[in-house]
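Take a look at the structure set out below.
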Amino acid sequence: MTLAVTTAEKYVFAAYGVVFLVVLVYVLIIALKLGRLERELDELTGTVRERREAEAEQRKKVPVA
Amino acid sequence: MGLRLKENPLAALAALAGLLIAASIALIFFYVPTDADQGFSQRIFYIHVPIALTAYAFFGWGAWKAFRHLWKREPGADLESYVAIHQGVIFGSLTLLTGSLWAKISWGHWWLWSESQLVLFLVLFLFYGAYFMLRYSVEPGPARANMCAVYAVFGVVLIPISFLAIRLANQLIHPVVFTLQGPQMAASMFLTFCVSLAAMLTLAATLFHVELAGKRIDSRLRELRELLA
């Protein structure tokens with residue numbers, strides 16, 4: 001059994017499909033961007049943590065008067 | 001879940017967009033009658049026209065935010081204007097794509113240069129497309145924000161011209177369904193159109209807020225990086 005699709009139906013599905021595809025690509029781009037932001041945030045959190053640890057070490061070394 | 005949606009308006013907006021899109025698809029393919037004149041291909045109308053109106057709305061919103069930036073120096077208005085114009089360009093490209101598909105099946109042509117509505121929409125689309133060329137050719141700062149705002153405000157003039165072109169033109173290949181006498185279609189068709197329009201506007205508003213949030217986080221991270229440097 002074959003499903004006969006008319007030319008009009010093909011164009012209608014193409015129109016709806018192109019909208020779906022563009023929105024999907026947009027969401028994908030946003031998801032990739034969010035991933036990059038998360039990585040940057042992790043990097044900055046790491047930098048702050050390292051600095052705090054270094055400062056704590058420094059405080060230990062300096063004798064309190 | 002209800003509490004989470006209350007706490008997060010963006011998630012609520014996204015859920016509403018999803019519901020409206022599902023409702024509009026159901027109405028378009030299972031409820032609305034097939035048009036006696038154009039047949040099945042007329043169903044492109046329910047996606048093409050709401051997308052075009054959404055593009056106009058976001059170009060207008062972008063221009064309004066640009067105006068607020070110039071007039072009130074509203075903080076963040078420049079970024080909002082930029083994101084709104086970005087949404088307008090995305091929906092504008094979708095208008096051109098869906099319109100071309102509809103034109104091919106209805107008129108036998110992908111594009112007609114003789115149609116002022118089509119050409120003026122293309123001019124509007126290219127005008128706002130060039131906005132990004134301007135924005136990325138200037139160093140970030142107040143000068144760039146002002147230049148972009150002036151450009152965005154000028155573009156708003158094209159919106160009513162593009163919208164009214166079909167009504168002012170003599171050629172009537174492009175259909176006119178909204179006249180001074182109201183919508184020239186059956187009540188079921190008008191209901192489907194309204195749901196589709198609400199769906200597209202809500203979808204665009206969701207994407208606008210998601211992109212805006214991303215841009216704001218990006219800018220704050222840049223500031224934080226500079227502070228830590």
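Ordered as shown in the structure tokens, chains take letters A, B, and onward, while each chain numbers its residues from 1 and ligands are numbered from 1 in the order shown.
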Write out as JSON, numbers by chain which residues come within 12 Å of B:Leu19 when counting only C-alpha atoms, dropping same-chain ones fewer than 6 positions away. {"B": [12, 13, 25, 26, 195, 196, 198, 199, 200, 202, 203]}
Define the interface residues of chain A facing chain B as those within 9 Å, counting only C-alpha atoms, and report them as number ranges by chain. A: 7-16, 18-19, 22, 26-27, 30, 33-34, 37, 40-41, 44, 47-48
Residues as selected, C-alpha atoms, written as a PDB file, in the first residue's frame, can you do that?
ATOM      1  CA  THR A   7       2.000  18.398  -4.480  1.00  0.00           C
ATOM      2  CA  ALA A   8       0.047  20.808  -2.252  1.00  0.00           C
ATOM      3  CA  GLU A   9       0.608  18.537   0.752  1.00  0.00           C
ATOM      4  CA  LYS A  10       4.343  18.383  -0.002  1.00  0.00           C
ATOM      5  CA  TYR A  11       4.578  22.185  -0.015  1.00  0.00           C
ATOM      6  CA  VAL A  12       2.529  22.553   3.168  1.00  0.00           C
ATOM      7  CA  PHE A  13       4.706  20.022   5.005  1.00  0.00           C
ATOM      8  CA  ALA A  14       7.840  21.697   3.616  1.00  0.00           C
ATOM      9  CA  ALA A  15       6.650  25.077   4.977  1.00  0.00           C
ATOM     10  CA  TYR A  16       5.919  23.670   8.442  1.00  0.00           C
ATOM     11  CA  VAL A  18      11.321  24.561   7.547  1.00  0.00           C
ATOM     12  CA  VAL A  19       9.894  26.472  10.530  1.00  0.00           C
ATOM     13  CA  VAL A  22      14.949  26.718  11.958  1.00  0.00           C
ATOM     14  CA  TYR A  26      18.175  28.079  16.998  1.00  0.00           C
ATOM     15  CA  VAL A  27      17.604  26.020  20.155  1.00  0.00           C
ATOM     16  CA  ILE A  30      21.432  28.481  22.319  1.00  0.00           C
ATOM     17  CA  LYS A  33      26.126  28.824  23.933  1.00  0.00           C
ATOM     18  CA  LEU A  34      24.828  27.807  27.363  1.00  0.00           C
ATOM     19  CA  LEU A  37      28.864  29.903  29.445  1.00  0.00           C
ATOM     20  CA  GLU A  40      33.490  29.823  31.459  1.00  0.00           C
ATOM     21  CA  LEU A  41      31.709  29.946  34.809  1.00  0.00           C
ATOM     22  CA  LEU A  44      36.110  31.535  36.814  1.00  0.00           C
ATOM     23  CA  THR A  47      40.265  30.821  39.447  1.00  0.00           C
ATOM     24  CA  VAL A  48      38.512  32.314  42.514  1.00  0.00           C
TER      25      VAL A  48
END
Ranking B:Ala55, B:Leu126, B:Leu197, B:Leu212 by minimum distance to B:Ile21 and counting only C-alpha atoms, which one comes first?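 When distances to B:Ile21 are compared using only C-alpha atoms, the smallest one comes from B:Leu197.
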Residues at most 10 Å from B:Leu70, counting only C-alpha atoms, excluding those fewer than 3 positions away in the same chain, as a PyMOL selection string? chain B and resi 64-67+73-74+77-78+145-147+149-150+153
